[in-house]
>>> print(open('work-v6.cif').read())   # mmCIF, C-alpha atoms and all ligand atoms
data_entry
loop_
_atom_site.label_atom_id
_atom_site.label_comp_id
_atom_site.auth_asym_id
_atom_site.auth_seq_id
_atom_site.Cartn_x
_atom_site.Cartn_y
_atom_site.Cartn_z
CA MET A 805 22.36 -3.41 14.47
CA LYS A 806 23.07 0.19 15.28
CA LYS A 807 21.28 2.91 13.38
CA GLN A 808 24.49 4.19 11.85
CA SER A 809 25.23 0.72 10.52
CA LEU A 810 21.72 0.43 9.15
CA LEU A 811 22.06 3.80 7.48
CA ALA A 812 25.35 2.79 5.90
CA LEU A 813 23.79 -0.47 4.70
CA SER A 814 20.87 1.45 3.29
CA VAL A 815 23.12 3.79 1.38
CA ILE A 816 25.03 0.86 -0.07
CA LEU A 817 21.84 -0.90 -1.14
CA ILE A 818 20.33 2.25 -2.54
CA ASN A 819 23.53 3.15 -4.36
CA SER A 820 23.79 -0.27 -5.90
CA PHE A 821 20.31 -0.10 -7.40
CA CYS A 822 19.51 3.50 -8.07
CA GLY A 823 22.54 5.72 -8.06
CA ILE A 824 21.12 7.60 -5.09
CA THR A 825 23.86 9.48 -3.27
CA LEU A 826 22.67 9.88 0.31
CA ALA A 827 20.00 8.82 2.73
CA VAL A 828 18.49 11.61 4.80
CA ASP A 829 16.49 11.07 7.97
CA TRP A 830 13.12 12.45 8.88
CA THR A 831 13.52 13.75 12.46
CA ASP A 832 10.56 16.12 12.95
CA GLY A 833 13.16 18.12 14.85
CA GLY A 834 11.29 21.34 14.12
CA GLY A 835 8.15 19.81 15.53
CA SER A 836 5.90 21.03 12.70
CA HIS A 837 5.50 17.53 11.15
CA LEU A 838 5.80 19.20 7.72
CA TRP A 839 8.01 17.81 4.95
CA SER A 840 8.56 21.40 3.81
CA ASP A 841 10.30 22.40 7.07
CA PRO A 842 14.11 21.98 6.68
CA ASN A 843 14.42 21.66 10.46
CA ASN A 844 12.60 18.34 10.25
CA TRP A 845 15.37 16.62 8.25
CA SER A 846 18.91 15.49 9.00
CA PRO A 847 21.30 16.49 7.62
CA TYR A 848 19.05 18.44 5.20
CA MET A 849 15.84 18.26 3.20
CA PRO A 850 15.91 15.60 0.46
CA ASP A 851 15.96 16.37 -3.25
CA GLU A 852 15.66 14.10 -6.27
CA MET A 853 19.06 12.48 -5.56
CA GLU A 854 18.36 11.45 -1.98
CA ALA A 855 16.56 8.66 -0.19
CA ALA A 856 14.12 10.14 2.31
CA LEU A 857 13.88 7.76 5.29
CA ILE A 858 10.66 8.37 7.21
CA ASN A 859 10.93 6.25 10.32
CA LYS A 860 8.69 8.03 12.76
CA THR A 861 5.00 7.82 13.40
CA GLU A 862 2.50 9.78 15.52
CA PRO A 863 3.14 12.26 17.07
CA ASN A 864 6.11 12.79 14.72
CA GLN A 865 4.66 11.65 11.41
CA CYS A 866 5.60 13.40 8.18
CA ILE A 867 2.96 15.51 6.45
CA ILE A 868 2.95 16.86 2.90
CA ASN A 869 0.37 19.63 2.72
CA GLU A 870 -1.06 22.10 0.22
CA GLY A 871 1.65 24.24 -1.38
CA THR A 872 4.47 21.76 -0.72
CA ASP A 873 6.58 20.61 -3.67
CA ALA A 874 8.43 17.59 -2.25
CA LEU A 875 11.26 15.73 -3.99
CA ALA A 876 13.06 12.46 -3.25
CA GLY A 877 14.99 9.81 -5.12
CA ILE A 878 13.39 7.16 -2.92
CA THR A 879 10.67 7.71 -0.36
CA GLN A 880 11.06 4.97 2.23
CA VAL A 881 8.46 4.78 5.00
CA GLY A 882 8.91 2.30 7.87
CA TRP A 883 12.30 0.68 7.38
CA TRP A 884 13.28 -1.64 10.26
CA THR A 885 10.86 0.37 12.42
CA GLU A 886 7.58 2.30 12.12
CA GLY A 887 6.90 5.28 9.91
CA HIS A 888 3.94 7.30 8.66
CA LEU A 889 3.77 9.63 5.67
CA ASP A 890 0.53 11.58 5.32
CA VAL A 891 -0.09 13.36 2.00
CA GLN A 892 -2.87 15.89 2.50
CA GLY A 893 -2.16 18.07 -0.55
CA GLY A 894 0.69 19.46 -2.57
CA VAL A 895 3.03 17.41 -4.72
CA LEU A 896 5.52 14.61 -4.16
CA ASN A 897 7.79 13.63 -7.04
CA THR A 898 9.88 10.58 -6.21
CA GLY A 899 11.78 7.87 -8.04
CA GLN A 900 10.34 5.10 -5.89
CA ILE A 901 8.06 4.63 -2.94
CA ARG A 902 8.67 1.85 -0.43
CA VAL A 903 6.14 1.59 2.37
CA GLY A 904 7.05 -1.08 4.92
CA SER A 905 10.51 -1.99 3.78
CA GLU A 906 12.59 -4.79 5.29
CA GLY A 907 13.57 -5.68 8.83
CA GLY A 908 10.04 -6.17 10.14
CA GLY A 909 9.30 -2.50 9.52
CA VAL A 910 5.76 -1.14 9.61
CA GLY A 911 5.05 1.59 7.09
CA LEU A 912 1.86 3.58 6.62
CA MET A 913 1.20 6.03 3.82
CA THR A 914 -2.09 7.87 3.86
CA MET A 915 -3.21 10.19 1.09
CA SER A 916 -6.24 12.46 1.18
CA GLY A 917 -5.28 14.97 -1.52
CA GLY A 918 -2.55 16.26 -3.79
CA ASN A 919 -0.50 14.47 -6.40
CA VAL A 920 2.17 11.83 -5.94
CA THR A 921 4.29 10.67 -8.88
CA MET A 922 6.70 7.72 -8.86
CA ALA A 923 9.10 7.20 -11.77
CA SER A 924 10.00 3.54 -11.22
CA ASP A 925 9.37 0.32 -9.26
CA SER A 926 7.54 0.85 -6.00
CA VAL A 927 6.48 -1.55 -3.27
CA ILE A 928 3.95 -1.71 -0.46
CA GLY A 929 5.19 -4.32 2.04
CA GLN A 930 8.66 -5.68 1.26
CA VAL A 931 10.56 -8.64 2.74
CA THR A 932 9.31 -9.33 6.29
CA ALA A 933 7.82 -5.83 6.59
CA THR A 934 4.22 -4.63 6.67
CA GLY A 935 3.17 -1.81 4.38
CA THR A 936 -0.18 -0.06 4.10
CA LEU A 937 -1.24 2.52 1.52
CA GLU A 938 -4.61 4.13 2.15
CA ILE A 939 -5.92 6.61 -0.41
CA THR A 940 -9.06 8.62 0.31
CA GLY A 941 -8.37 11.46 -2.15
CA GLY A 942 -5.83 12.82 -4.60
CA THR A 943 -3.99 11.06 -7.40
CA MET A 944 -1.00 8.75 -7.26
CA THR A 945 0.60 8.09 -10.64
CA GLN A 946 3.42 5.76 -11.49
CA THR A 947 5.15 6.70 -14.74
CA GLY A 948 7.46 3.67 -15.03
CA GLY A 949 8.22 0.29 -13.47
CA TRP A 950 6.00 -2.13 -11.57
CA PHE A 951 3.85 -1.66 -8.53
CA TYR A 952 4.47 -4.47 -6.03
CA VAL A 953 2.18 -5.27 -3.12
CA GLY A 954 3.53 -7.85 -0.64
CA TYR A 955 6.98 -8.51 -2.06
CA GLY A 956 8.93 -11.39 -0.58
CA ALA A 957 8.37 -13.98 2.14
CA GLY A 958 6.95 -12.62 5.37
CA SER A 959 5.77 -9.39 3.80
CA THR A 960 2.25 -8.02 4.11
CA GLY A 961 1.13 -5.34 1.69
CA THR A 962 -2.27 -3.66 1.80
CA VAL A 963 -3.63 -1.03 -0.55
CA SER A 964 -6.97 0.49 0.39
CA LEU A 965 -8.65 2.73 -2.17
CA LYS A 966 -11.45 4.58 -0.43
CA GLY A 967 -11.28 7.51 -2.81
CA GLY A 968 -8.91 9.16 -5.23
CA THR A 969 -7.01 7.42 -7.99
CA LEU A 970 -4.07 5.04 -8.19
CA SER A 971 -2.73 4.94 -11.75
CA ILE A 972 0.00 2.39 -12.56
CA PHE A 973 1.36 0.33 -15.45
CA PHE A 974 1.35 -3.08 -13.86
CA LEU A 975 0.08 -4.52 -10.59
CA GLN A 976 2.36 -7.27 -9.29
CA LEU A 977 0.93 -9.29 -6.39
CA ASP A 978 2.45 -12.71 -6.90
CA ASN A 979 5.80 -12.46 -5.14
CA GLY A 980 5.54 -14.65 -2.05
CA GLY A 981 4.04 -12.15 0.39
CA THR A 982 0.49 -11.51 1.59
CA PRO A 983 -1.04 -8.92 -0.74
CA LEU A 984 -4.41 -7.20 -0.62
CA VAL A 985 -5.83 -4.46 -2.80
CA ASP A 986 -9.26 -3.48 -1.54
CA ILE A 987 -11.28 -1.01 -3.56
CA GLU A 988 -14.19 1.01 -2.24
CA ALA A 989 -14.87 4.47 -3.66
CA GLY A 990 -11.44 4.84 -5.26
CA THR A 991 -10.33 4.02 -8.78
CA LEU A 992 -7.46 1.80 -9.90
CA ILE A 993 -6.17 2.52 -13.41
CA ILE A 994 -3.76 0.12 -15.10
CA ARG A 995 -2.23 1.64 -18.22
CA ASP A 996 -0.71 -1.53 -19.69
CA PRO A 997 -1.76 -1.60 -23.38
CA ARG A 998 -3.22 -5.13 -23.06
CA PRO A 999 -6.59 -4.56 -21.40
CA ASP A 1000 -7.85 -8.10 -22.06
CA ASP A 1001 -4.84 -9.64 -20.33
CA ILE A 1002 -5.03 -7.18 -17.44
CA SER A 1003 -8.75 -7.80 -16.96
CA TYR A 1004 -8.11 -11.54 -16.86
CA GLN A 1005 -5.28 -11.09 -14.38
CA ILE A 1006 -7.41 -8.95 -12.06
CA MET A 1007 -10.77 -10.70 -12.25
CA SER A 1008 -9.82 -14.36 -12.81
CA TYR A 1009 -6.50 -14.65 -11.02
CA TYR A 1010 -5.96 -11.97 -8.35
CA ALA A 1011 -9.65 -11.78 -7.41
CA ALA A 1012 -10.29 -15.55 -7.61
CA PRO A 1013 -11.86 -16.87 -4.37
CA SER A 1014 -8.77 -19.01 -3.76
CA ARG A 1015 -6.68 -15.83 -3.50
CA ASN A 1016 -8.89 -12.81 -2.80
CA TRP A 1017 -5.92 -10.51 -3.41
CA VAL A 1018 -8.15 -7.90 -5.04
CA THR A 1019 -11.48 -7.26 -3.34
CA ALA A 1020 -14.36 -4.79 -3.37
CA TYR A 1021 -15.55 -3.43 -0.03
CA GLY A 1022 -13.68 -6.14 1.86
CA GLY A 1023 -15.27 -8.87 -0.27
CA ARG A 1024 -18.85 -7.65 0.24
CA GLY A 1025 -19.02 -5.55 -2.93
CA THR A 1026 -18.56 -6.27 -6.62
CA LEU A 1027 -15.46 -5.54 -8.66
CA VAL A 1028 -15.92 -3.88 -12.04
CA CYS A 1029 -13.14 -4.03 -14.61
CA THR A 1030 -13.58 -2.06 -17.85
CA ALA A 1031 -11.37 -1.04 -20.74
CA GLU A 1032 -11.56 2.67 -21.41
CA PRO A 1033 -12.29 3.18 -25.12
CA GLY A 1034 -9.49 4.73 -27.10
CA THR A 1035 -6.88 4.53 -24.38
CA ASN A 1036 -6.36 0.82 -23.60
CA TYR A 1037 -6.55 1.78 -19.95
CA THR A 1038 -8.06 -0.80 -17.63
CA ILE A 1039 -10.27 0.84 -15.01
CA VAL A 1040 -11.00 -1.13 -11.83
CA THR A 1041 -13.73 0.15 -9.53
CA ALA A 1042 -16.12 -1.33 -7.00
CA VAL A 1043 -19.89 -1.39 -6.57
CA PRO A 1044 -20.87 -1.25 -2.91
CA PRO A 1045 -22.87 -4.10 -1.38
CA PRO A 1046 -26.64 -3.70 -0.95
CA PRO A 1047 -27.68 -2.08 2.33
CA CYS A 1048 -27.87 -4.52 5.25
CA ASP A 1049 -29.68 -3.74 8.50
CA PRO A 1050 -29.27 -5.43 10.84
CA ILE A 1051 -26.28 -7.62 9.93
CA PRO A 1052 -27.24 -11.25 10.72
CA LEU A 1053 -25.23 -12.61 13.64
CA TYR A 1054 -24.08 -15.76 11.85
CA ASP A 1055 -23.35 -14.18 8.46
CA PHE A 1056 -19.68 -15.14 8.47
CA ASN A 1057 -18.85 -13.87 4.96
CA ASP A 1058 -20.59 -10.50 5.39
CA ASP A 1059 -22.97 -10.85 2.44
CA CYS A 1060 -26.06 -10.09 4.56
CA GLU A 1061 -27.45 -13.58 4.05
CA VAL A 1062 -27.09 -16.71 6.14
CA ASN A 1063 -26.86 -19.75 3.90
CA VAL A 1064 -24.76 -22.81 3.06
CA VAL A 1065 -21.69 -20.66 2.43
CA ASP A 1066 -21.71 -19.55 6.05
CA LEU A 1067 -22.45 -23.12 7.17
CA ALA A 1068 -19.41 -24.34 5.22
CA MET A 1069 -17.24 -21.71 6.89
CA PHE A 1070 -18.55 -22.84 10.28
CA ALA A 1071 -17.93 -26.50 9.42
CA THR A 1072 -14.29 -25.91 8.53
CA GLU A 1073 -13.62 -25.17 12.21
CA TRP A 1074 -15.85 -27.92 13.63
CA LEU A 1075 -14.20 -29.45 16.74
CA VAL A 1076 -11.26 -27.04 16.58
CA CYS A 1077 -10.00 -26.42 20.10
CA ASN A 1078 -7.30 -23.86 20.75
CA ARG A 1079 -7.17 -23.85 24.54
CA THR A 1080 -3.55 -23.56 25.59
CA ASP A 1081 -3.94 -25.07 29.05
CA GLY A 1082 -3.98 -28.66 27.78
CA SER A 1083 -7.68 -29.19 28.46
CA CYS A 1084 -8.69 -29.83 24.82
CA PRO A 1085 -9.88 -33.42 24.14
CA CA A 1101 -23.39 -15.05 4.38
#
>>> encode(input="work-v6.cif", output="structure tokens", more="lines below")
Ligand SMILES: [Ca+2]
Amino acid sequence: MKKQSLLALSVILINSFCGITLAVDWTDGGGSHLWSDPNNWSPYMPDEMEAALINKTEPNQCIINEGTDALAGITQVGWWTEGHLDVQGGVLNTGQIRVGSEGGGVGLMTMSGGNVTMASDSVIGQVTATGTLEITGGTMTQTGGWFYVGYGAGSTGTVSLKGGTLSIFFLQLDNGGTPLVDIEAGTLIIRDPRPDDISYQIMSYYAAPSRNWVTAYGGRGTLVCTAEPGTNYTIVTAVPPPPCDPIPLYDFNDDCEVNVVDLAMFATEWLVCNRTDGSCP
């Protein structure tokens, strides 16, 4: 499908859901990589009524830096192709964020500082696309709607909290895709006023070994879920694993100990043969 057709389709879809009037393309035509440079957008810089389509990656990624006050109705990163939005500072106010959105797209959003605010439903990895959100600093706050990770068949959504804060109302991981929320030094805040239900959802459902959709340090650490007194906020953080040096060679689950758990993992592949030349027994 030609780009113009895709753009028209996008506008129709966006219009039908959000009342957004126009999709504008990130071009990096000015070469500065900065969201704040009007020369980097076509036909012009987005405001709160537009969908900002960021479909370029290095060396033409989009950067929001200190002093930038960015606006968009929808911020769509990696739609039918690859895109990278890097928030280093400043502010982004947007209705929605979609990272990795349809058509086998690959979207990456990195955040090391600043403040990002979304007013409604947002998704990391939507319908056959792959989306990754990596936060090492700054604060991302959703003021309304749900936060979807891995939405729809064939989608892969990954949220990596290595610092900073992700503050949302509701974390929705159960929509047919492959979701992962991995927490290291960052903090996940869920502001739903039912902390007991949220804690159960996180610790006993999403983080259950049969799913492993929410992990701490890639499964090596320990998740901690607490209700903040007086606010009903559920705070999810991670305790790092004990130091390990050297890592045992046959420690398949990375817990720094070789035991029956690793043996069971080994046994599940006993006699598996994947040679493609027909020489397997
Ligand atoms: Ca082990």
>>> closest_residue(input="work-v6.cif", among="A:Val1064, A:Ser924, A:Asn1078, A:Ala1071", to="ligand CA 1101 (chain A)", atoms="all atoms listed in the file")
A:Val1064
>>> residues_near_ligand(input="work-v6.cif", ligand="ligand CA 1101 (chain A)", cutoff="6 Å", atoms="all atoms listed in the file", output="list of chain:residue names")
A:Asp1055, A:Phe1056, A:Asn1057, A:Asp1058, A:Asp1059, A:Cys1060, A:Glu1061, A:Val1062, A:Asn1063, A:Asp1066
>>> residues_near_point(input="work-v6.cif", point="(-3.8, 17.8, 2.4)", cutoff="10 Å", atoms="all atoms listed in the file", output="ChimeraX atom specification")
/A:867-872,890-895,915-919,941-942
>>> closest_residue(input="work-v6.cif", among="A:Gly968, A:Gly949, A:Gly1023, A:Gly929", to="Gly980 in chain A", atoms="all atoms listed in the file")
A:Gly929
>>> residues_around(input="work-v6.cif", residues="range 1002-1010 of chain A", least_positions_apart="3", cutoff="10 Å", atoms="all atoms listed in the file", output="JSON, numbers by chain")
{"A": [974, 975, 976, 977, 978, 983, 984, 985, 994, 995, 996, 997, 998, 999, 1013, 1014, 1015, 1016, 1017, 1018, 1019, 1027, 1028, 1029, 1030, 1031, 1037, 1038, 1039, 1040]}
>>> atom_distance(input="work-v6.cif", atom1="CA of Gly907 in chain A", atom2="CA of Pro850 in chain A")
23.0 Å
>>> residues_near_point(input="work-v6.cif", point="(-16.7, -5.8, -1.1)", cutoff="8 Å", atoms="all atoms listed in the file", output="list in words")
Asp986, Ile987, Glu988, Thr1019, Ala1020, Tyr1021, Gly1022, Gly1023, Arg1024, Gly1025, Thr1026, Leu1027, Ala1042, Val1043, Pro1044 and Pro1045 of chain A
>>> decode(input="work-v6.cif", residues="range 973-1004 of chain A", atoms="C-alpha atoms", output="mmCIF file, in the first residue's frame")
data_model
loop_
_atom_site.group_PDB
_atom_site.id
_atom_site.type_symbol
_atom_site.label_atom_id
_atom_site.label_comp_id
_atom_site.auth_asym_id
_atom_site.auth_seq_id
_atom_site.Cartn_x
_atom_site.Cartn_y
_atom_site.Cartn_z
ATOM 1 C CA PHE A 973 -4.708 4.173 36.200
ATOM 2 C CA PHE A 974 -4.863 0.629 34.930
ATOM 3 C CA LEU A 975 -2.375 -1.797 33.419
ATOM 4 C CA GLN A 976 -3.989 -4.008 30.777
ATOM 5 C CA LEU A 977 -1.845 -6.941 29.622
ATOM 6 C CA ASP A 978 -4.407 -9.586 28.776
ATOM 7 C CA ASN A 979 -5.346 -8.790 25.190
ATOM 8 C CA GLY A 980 -3.910 -11.589 23.068
ATOM 9 C CA GLY A 981 -0.412 -10.230 22.480
ATOM 10 C CA THR A 982 2.941 -10.893 24.128
ATOM 11 C CA PRO A 983 3.323 -8.395 26.973
ATOM 12 C CA LEU A 984 6.236 -7.774 29.310
ATOM 13 C CA VAL A 985 6.701 -5.135 31.976
ATOM 14 C CA ASP A 986 10.148 -5.468 33.511
ATOM 15 C CA ILE A 987 11.019 -3.290 36.471
ATOM 16 C CA GLU A 988 14.530 -2.520 37.645
ATOM 17 C CA ALA A 989 15.260 0.826 39.280
ATOM 18 C CA GLY A 990 12.075 2.496 38.049
ATOM 19 C CA THR A 991 8.718 2.828 39.751
ATOM 20 C CA LEU A 992 5.306 1.817 38.456
ATOM 21 C CA ILE A 993 2.382 3.627 40.093
ATOM 22 C CA ILE A 994 -1.186 2.447 39.517
ATOM 23 C CA ARG A 995 -3.716 4.982 40.745
ATOM 24 C CA ASP A 996 -6.822 2.779 40.599
ATOM 25 C CA PRO A 997 -8.607 3.234 43.972
ATOM 26 C CA ARG A 998 -8.696 -0.543 44.607
ATOM 27 C CA PRO A 999 -5.169 -1.329 45.801
ATOM 28 C CA ASP A 1000 -6.039 -4.843 47.000
ATOM 29 C CA ASP A 1001 -7.427 -5.810 43.596
ATOM 30 C CA ILE A 1002 -4.507 -4.215 41.773
ATOM 31 C CA SER A 1003 -1.968 -5.947 43.994
ATOM 32 C CA TYR A 1004 -3.647 -9.281 43.320
#
